[in-house]
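Reproduced below: run-v7.txt, with compact mmCIF, C-alpha atoms.
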```
# COMPACT_ATOMS: atom_id res chain seq x y z
CA MET M 642 10.92 9.41 -32.96
CA ALA M 643 7.90 7.14 -33.37
CA ALA M 644 9.37 4.61 -30.94
CA SER M 645 10.08 7.35 -28.41
CA MET M 646 6.50 8.63 -28.65
CA GLU M 647 5.19 5.10 -28.21
CA ILE M 648 7.26 4.62 -25.05
CA THR M 649 6.04 7.95 -23.67
CA ALA M 650 2.40 7.04 -24.44
CA GLY M 651 2.90 3.69 -22.73
CA ARG M 652 4.18 5.37 -19.57
CA ILE M 653 1.28 7.83 -19.55
CA ASN M 654 -1.19 4.98 -19.96
CA MET M 655 0.40 3.00 -17.12
CA LEU M 656 0.17 6.05 -14.87
CA GLN M 657 -3.51 6.43 -15.74
CA PHE M 658 -4.07 2.73 -15.02
CA MET M 659 -2.46 3.08 -11.58
CA LYS M 660 -4.62 6.12 -10.84
CA PHE M 661 -7.73 4.12 -11.71
CA ILE M 662 -6.58 1.30 -9.42
CA GLY M 663 -5.98 3.89 -6.69
CA GLN M 664 -9.68 4.71 -6.83
CA LEU M 665 -10.40 1.32 -5.28
CA LYS M 666 -9.01 2.70 -2.02
CA ARG M 667 -11.82 5.25 -2.06
CA VAL M 668 -14.73 3.02 -3.16
CA PRO M 669 -16.57 1.80 -0.04
CA ARG M 670 -18.13 -1.66 0.07
CA THR M 671 -21.79 -0.96 -0.55
CA GLY M 672 -23.19 -3.64 1.76
CA TRP M 673 -21.67 -1.98 4.80
CA VAL M 674 -22.74 1.50 3.69
CA TYR M 675 -26.36 0.39 3.35
CA ARG M 676 -26.23 -1.05 6.86
CA GLY M 677 -24.92 2.10 8.46
CA VAL M 678 -21.48 0.74 9.36
CA LYS M 679 -19.18 3.53 10.50
CA LYS M 680 -16.04 3.94 8.39
CA PRO M 681 -16.77 0.99 6.05
CA GLU M 682 -13.90 -0.79 4.36
CA SER M 683 -12.93 -0.05 0.77
CA VAL M 684 -12.92 -2.47 -2.13
CA SER M 685 -9.11 -2.58 -2.01
CA ASP M 686 -9.23 -3.43 1.73
CA HIS M 687 -11.43 -6.41 0.85
CA MET M 688 -9.23 -7.59 -2.01
CA TYR M 689 -6.03 -7.27 0.04
CA ARG M 690 -7.19 -9.72 2.70
CA MET M 691 -8.46 -12.07 0.00
CA ALA M 692 -4.95 -11.99 -1.50
CA MET M 693 -3.51 -12.84 1.93
CA MET M 694 -5.94 -15.75 2.24
CA SER M 695 -4.66 -16.94 -1.13
CA LEU M 696 -1.04 -16.58 -0.04
CA THR M 697 -1.48 -18.45 3.25
CA ILE M 698 -3.58 -21.42 2.14
CA THR M 699 -1.79 -24.69 2.89
CA ASP M 700 -3.33 -26.92 0.22
CA PRO M 701 -0.37 -28.06 -1.98
CA THR M 702 -2.68 -28.75 -4.94
CA VAL M 703 -3.66 -25.08 -5.20
CA ASP M 704 -1.86 -22.68 -7.54
CA LYS M 705 -1.37 -19.95 -4.93
CA ASP M 706 0.13 -17.44 -7.35
CA ARG M 707 -2.92 -17.70 -9.58
CA CYS M 708 -5.25 -17.32 -6.61
CA ILE M 709 -3.42 -14.16 -5.53
CA LYS M 710 -3.75 -12.71 -9.03
CA LEU M 711 -7.46 -13.59 -9.19
CA ALA M 712 -8.05 -11.97 -5.79
CA LEU M 713 -6.32 -8.77 -6.91
CA VAL M 714 -8.22 -8.58 -10.20
CA HIS M 715 -11.73 -9.85 -9.43
CA ASP M 716 -13.25 -6.51 -8.30
CA MET M 717 -10.97 -4.24 -10.34
CA ALA M 718 -13.83 -2.92 -12.50
CA GLU M 719 -15.38 -1.33 -9.42
CA CYS M 720 -12.89 1.54 -9.65
CA ILE M 721 -15.10 2.70 -12.54
CA VAL M 722 -18.58 1.24 -11.95
CA GLY M 723 -18.60 1.23 -8.15
CA ASP M 724 -19.66 -1.65 -5.90
CA ILE M 725 -23.05 -2.64 -7.33
CA ALA M 726 -25.29 -4.42 -4.80
CA PRO M 727 -28.43 -6.53 -5.46
CA THR M 728 -30.51 -3.86 -3.72
CA ASP M 729 -29.45 -1.40 -6.43
CA ASN M 730 -31.99 -3.14 -8.72
CA ILE M 731 -29.46 -3.69 -11.48
CA SER M 732 -29.70 -7.08 -13.20
CA LYS M 733 -26.78 -9.50 -13.16
CA ALA M 734 -26.56 -9.18 -16.93
CA GLU M 735 -26.36 -5.39 -16.77
CA LYS M 736 -23.86 -5.52 -13.91
CA HIS M 737 -21.68 -7.87 -15.97
CA ARG M 738 -21.98 -5.63 -19.04
CA ARG M 739 -20.85 -2.55 -17.09
CA GLU M 740 -17.96 -4.37 -15.46
CA GLU M 741 -16.87 -5.93 -18.75
CA GLU M 742 -16.84 -2.50 -20.39
CA ALA M 743 -14.81 -1.13 -17.48
CA MET M 744 -12.31 -3.99 -17.69
CA ARG M 745 -11.85 -3.47 -21.42
CA HIS M 746 -11.10 0.19 -20.80
CA LEU M 747 -8.71 -0.52 -17.92
CA THR M 748 -6.78 -3.21 -19.77
CA SER M 749 -6.59 -1.08 -22.93
CA LEU M 750 -4.13 1.09 -20.97
CA LEU M 751 -1.72 -1.83 -20.57
CA PRO M 752 0.86 -3.46 -22.88
CA ASP M 753 -0.52 -6.40 -24.84
CA GLY M 754 0.85 -9.17 -22.63
CA LEU M 755 -0.53 -7.66 -19.43
CA LYS M 756 -3.75 -6.68 -21.16
CA GLN M 757 -4.56 -10.27 -22.07
CA GLU M 758 -3.45 -11.66 -18.72
CA ILE M 759 -5.47 -9.33 -16.52
CA TYR M 760 -8.60 -9.44 -18.66
CA GLY M 761 -8.30 -13.23 -18.83
CA LEU M 762 -8.04 -13.46 -15.03
CA TRP M 763 -11.16 -11.33 -14.64
CA GLU M 764 -13.07 -13.54 -17.10
CA GLU M 765 -11.85 -16.68 -15.34
CA TYR M 766 -13.22 -15.42 -12.02
CA GLU M 767 -16.49 -14.18 -13.55
CA ASN M 768 -17.10 -17.53 -15.26
CA GLN M 769 -15.81 -19.55 -12.28
CA SER M 770 -13.99 -21.63 -14.88
CA SER M 771 -11.11 -23.01 -12.78
CA PRO M 772 -10.58 -24.59 -9.33
CA GLU M 773 -8.62 -21.47 -8.34
CA ALA M 774 -11.47 -19.15 -9.36
CA ARG M 775 -13.94 -21.21 -7.35
CA LEU M 776 -11.63 -21.18 -4.33
CA VAL M 777 -11.14 -17.41 -4.56
CA LYS M 778 -14.93 -17.01 -4.66
CA GLN M 779 -15.01 -18.84 -1.32
CA PHE M 780 -12.33 -16.43 -0.04
CA ASP M 781 -14.58 -13.58 -1.20
CA LEU M 782 -17.42 -14.87 0.96
CA LEU M 783 -15.16 -15.78 3.88
CA GLU M 784 -13.60 -12.32 3.89
CA MET M 785 -17.10 -10.80 3.90
CA ILE M 786 -18.32 -12.70 6.97
CA LEU M 787 -15.02 -12.19 8.78
CA GLN M 788 -15.43 -8.46 8.20
CA ALA M 789 -19.06 -8.65 9.37
CA HIS M 790 -17.89 -10.31 12.60
CA GLU M 791 -15.26 -7.63 13.11
CA TYR M 792 -17.85 -4.88 12.69
CA GLU M 793 -20.11 -6.58 15.22
CA GLU M 794 -17.16 -6.65 17.63
CA LEU M 795 -16.19 -3.03 17.00
CA GLU M 796 -19.76 -1.78 17.36
CA GLU M 797 -20.56 -4.16 20.24
CA THR M 798 -23.69 -5.30 18.40
CA PRO M 799 -23.47 -9.12 18.34
CA GLY M 800 -25.68 -10.65 15.68
CA ARG M 801 -26.58 -7.42 13.90
CA LEU M 802 -25.04 -8.55 10.61
CA GLN M 803 -26.39 -12.11 10.72
CA GLU M 804 -27.84 -11.79 7.21
CA PHE M 805 -24.34 -11.79 5.74
CA PHE M 806 -23.63 -15.13 7.39
CA ASP M 807 -27.00 -16.53 6.26
CA SER M 808 -26.23 -15.60 2.65
CA THR M 809 -23.18 -17.91 2.65
CA ASN M 810 -24.95 -21.05 3.87
CA GLY M 811 -23.85 -24.08 1.81
CA ARG M 812 -21.36 -22.07 -0.25
CA PHE M 813 -18.12 -23.23 1.36
CA GLN M 814 -16.52 -26.49 0.20
CA HIS M 815 -12.74 -26.31 0.50
CA PRO M 816 -11.47 -28.01 3.72
CA ASP M 817 -9.12 -25.13 4.62
CA VAL M 818 -11.92 -22.59 4.18
CA LEU M 819 -14.35 -24.73 6.17
CA GLN M 820 -11.86 -24.87 9.04
CA LEU M 821 -11.57 -21.08 9.10
CA VAL M 822 -15.34 -20.69 8.91
CA GLY M 823 -15.71 -23.12 11.80
CA SER M 824 -13.23 -21.17 13.92
CA LEU M 825 -14.97 -17.91 13.04
CA ASN M 826 -18.41 -19.28 13.95
CA GLU M 827 -17.07 -20.62 17.22
CA GLU M 828 -15.55 -17.28 18.19
CA ARG M 829 -18.65 -15.39 17.08
CA GLY M 830 -20.87 -17.78 19.03
CA CYS M 831 -19.00 -16.91 22.23
CA HIS M 832 -19.44 -13.20 21.53
CA MET M 833 -23.14 -13.72 20.76
CA THR M 834 -23.59 -15.44 24.13
CA ASP M 835 -21.72 -12.68 25.93
CA GLY M 836 -23.75 -10.08 24.06
CA THR M 837 -27.03 -11.71 25.08
CA LYS M 838 -25.94 -11.61 28.71
CA ASP M 839 -24.92 -7.95 28.42
CA SER M 840 -28.25 -7.11 26.79
CA ALA M 841 -30.19 -8.88 29.54
CA ASN M 842 -28.23 -7.04 32.21
CA SER M 843 -28.81 -3.73 30.44
CA GLN M 844 -32.57 -4.32 30.21
CA ALA M 845 -32.69 -5.36 33.86
CA ALA M 846 -31.10 -2.03 34.71
CA GLY M 847 -33.70 -0.17 32.68
CA GLY M 848 -31.75 0.07 29.41
CA VAL M 849 -33.29 -0.33 25.95
CA THR M 850 -31.55 -1.89 22.97
CA SER M 851 -32.61 -2.08 19.34
CA GLN M 852 -31.13 -3.56 16.19
CA PRO M 853 -32.15 -2.41 12.70
CA HIS M 854 -32.98 -5.09 10.12
CA THR M 855 -32.00 -4.79 6.49
CA SER M 856 -31.80 -7.14 3.55
CA SER M 857 -28.62 -9.07 2.77
CA HIS M 858 -26.02 -8.14 0.18
CA THR M 859 -23.57 -10.47 -1.50
CA SER M 860 -21.89 -10.09 -4.87
```

Turn this file's structure into structure tokens for me.
Amino acid sequence: MAASMEITAGRINMLQFMKFIGQLKRVPRTGWVYRGVKKPESVSDHMYRMAMMSLTITDPTVDKDRCIKLALVHDMAECIVGDIAPTDNISKAEKHRREEEAMRHLTSLLPDGLKQEIYGLWEEYENQSSPEARLVKQFDLLEMILQAHEYEELEETPGRLQEFFDSTNGRFQHPDVLQLVGSLNEERGCHMTDGTKDSANSQAAGGVTSQPHTSSHTS
């Protein structure tokens, strides 16, 4: 009887855990919200492409499986605390405290083996204590600027989200990541040039363009 009740409780807890994780599909990335992006991506959208970056990296020295796990776990606490941005005026220490508390609650719903693994992965990323954690942090930043570029394309506002790119200066080191960043900057540069021409033509025809300026947000 006791064993049966324990199994039932375990299933209920796992269901609750999955419902918490499902919330990530409905938590928008705060940086885009603050900048008035229409239909901003969710936290889970962001983490999914980071996981794909981890899966497709070609460096044979990298533990890809670990990178995928880190990408899937690193923002998990946001299903409870939300996506806290620097402009929210919450200190890094307080942000960490809230996320740590959330992770302890989330992992308490899991069997012991999974509990230790997932919490340990989150700590590894937070402390940047392994080569994989440091690489996944670069994926985090790369995914952010790739998304910024895509929003500029979708909204036809080249350069509007430049601050996101500026916030990543000097933060990429891995050769594979640097190659992707180079390709992204090259493509964006072409769009910026085309956008400047379009803007000049619009003004010559009597049009007026404006671009709001806001402060940058990176986690």

Contacts of M:Phe806 within 12 Å, all atoms listed in the file, excl. fewer than 2 positions in-chain, as a list in words:
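In the requested form, the answer reads Leu782, Leu783, Glu784, Met785, Ile786, Leu787, Gln788, Ala789, His790, Gly800, Arg801, Leu802, Gln803, Glu804, Ser808, Thr809, Asn810, Gly811, Arg812, Phe813, Val822, Leu825, Asn826, Arg829, Ser857, His858 and Thr859 of chain M.
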
Select, counting all atoms listed in the file, all protein, DNA and RNA residues no farther than 6 Å from (-13.4, 3.1, -7.8) in file coordinates, and express the selection as JSON, numbers by chain.
{"M": [664, 665, 668, 719, 720, 721, 723]}

Surrounding residues of stretch 814-818 of chain M excluding itself and chain neighbours under 4 positions, 8 Å, all atoms listed in the file, as a list of chain:residue names
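Close residues of stretch 814-818 of chain M: M:Ile698, M:Thr699, M:Asp700, M:Leu776, M:Gln779, M:Phe780, M:Leu783, M:Val822.
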
Mind checking which residues fall within 9 Å of M:Val678, counting only C-alpha atoms, ignoring those fewer than 6 positions away in the same chain, and posting them as a list of chain:residue names?
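Once the adjacent positions are removed, what remains is M:Gly672, M:Tyr792, M:Glu796.
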
Would you mind telling me which residue in M:Gln757, M:Ser771, M:Thr671, M:Thr702 lies nearest to M:Ile725 when using only C-alpha atoms?
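Of M:Gln757, M:Ser771, M:Thr671, M:Thr702, the one nearest M:Ile725, counting only C-alpha atoms, is M:Thr671.
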
Between atom CA of M:Ile662 and atom CA of M:Leu795, what distance in Å does the model show, to one decimal?
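Atom CA of M:Leu795 lies 28.4 Å from atom CA of M:Ile662.
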
One number please: atom CA of M:Met694 to atom CA of M:Cys708, in Å, one decimal.
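Answer for the atom CA of M:Met694 to atom CA of M:Cys708 separation: 9.0 Å.
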
Near stretch 652-655 of chain M, within 9 Å and counting all atoms listed in the file, which residues show up once chain neighbours fewer than 2 positions away are dropped, as a list of chain:residue names?
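Answer for this query is M:Glu647, M:Ile648, M:Thr649, M:Ala650, M:Gln657, M:Phe658, M:Met659, M:Lys660, M:Ser749, M:Leu750, M:Leu751, M:Pro752.
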
As a short mmCIF file (atom, residue, chain, number, x, y, z; two decimals), in the frame of the given file, the rebuilt stretch 744-759 of chain M with N, CA and C atoms:
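Here's the written file result26.cif:
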```
data_model
loop_
_atom_site.label_atom_id
_atom_site.label_comp_id
_atom_site.auth_asym_id
_atom_site.auth_seq_id
_atom_site.Cartn_x
_atom_site.Cartn_y
_atom_site.Cartn_z
N MET M 744 -13.54 -3.19 -17.59
CA MET M 744 -12.31 -3.99 -17.69
C MET M 744 -11.65 -3.81 -19.05
N ARG M 745 -12.44 -3.70 -20.09
CA ARG M 745 -11.85 -3.47 -21.42
C ARG M 745 -11.14 -2.12 -21.46
N HIS M 746 -11.74 -1.13 -20.83
CA HIS M 746 -11.10 0.19 -20.80
C HIS M 746 -9.82 0.15 -19.97
N LEU M 747 -9.89 -0.45 -18.80
CA LEU M 747 -8.71 -0.52 -17.92
C LEU M 747 -7.55 -1.25 -18.60
N THR M 748 -7.85 -2.41 -19.18
CA THR M 748 -6.78 -3.21 -19.77
C THR M 748 -6.27 -2.62 -21.08
N SER M 749 -7.06 -1.73 -21.69
CA SER M 749 -6.59 -1.08 -22.93
C SER M 749 -5.42 -0.13 -22.64
N LEU M 750 -5.23 0.21 -21.36
CA LEU M 750 -4.13 1.09 -20.97
C LEU M 750 -2.82 0.34 -20.77
N LEU M 751 -2.88 -0.99 -20.87
CA LEU M 751 -1.72 -1.83 -20.57
C LEU M 751 -1.07 -2.39 -21.84
N PRO M 752 0.20 -2.77 -21.75
CA PRO M 752 0.86 -3.46 -22.88
C PRO M 752 0.12 -4.77 -23.17
N ASP M 753 0.26 -5.24 -24.39
CA ASP M 753 -0.52 -6.40 -24.84
C ASP M 753 -0.45 -7.61 -23.90
N GLY M 754 0.74 -7.99 -23.49
CA GLY M 754 0.85 -9.17 -22.63
C GLY M 754 0.06 -9.04 -21.34
N LEU M 755 0.21 -7.91 -20.67
CA LEU M 755 -0.53 -7.66 -19.43
C LEU M 755 -2.02 -7.51 -19.69
N LYS M 756 -2.35 -6.88 -20.79
CA LYS M 756 -3.75 -6.68 -21.16
C LYS M 756 -4.49 -8.01 -21.22
N GLN M 757 -3.92 -8.97 -21.94
CA GLN M 757 -4.56 -10.27 -22.07
C GLN M 757 -4.60 -11.02 -20.74
N GLU M 758 -3.52 -10.92 -19.98
CA GLU M 758 -3.45 -11.66 -18.72
C GLU M 758 -4.50 -11.17 -17.73
N ILE M 759 -4.56 -9.88 -17.53
CA ILE M 759 -5.47 -9.33 -16.52
C ILE M 759 -6.93 -9.49 -16.93
#
```
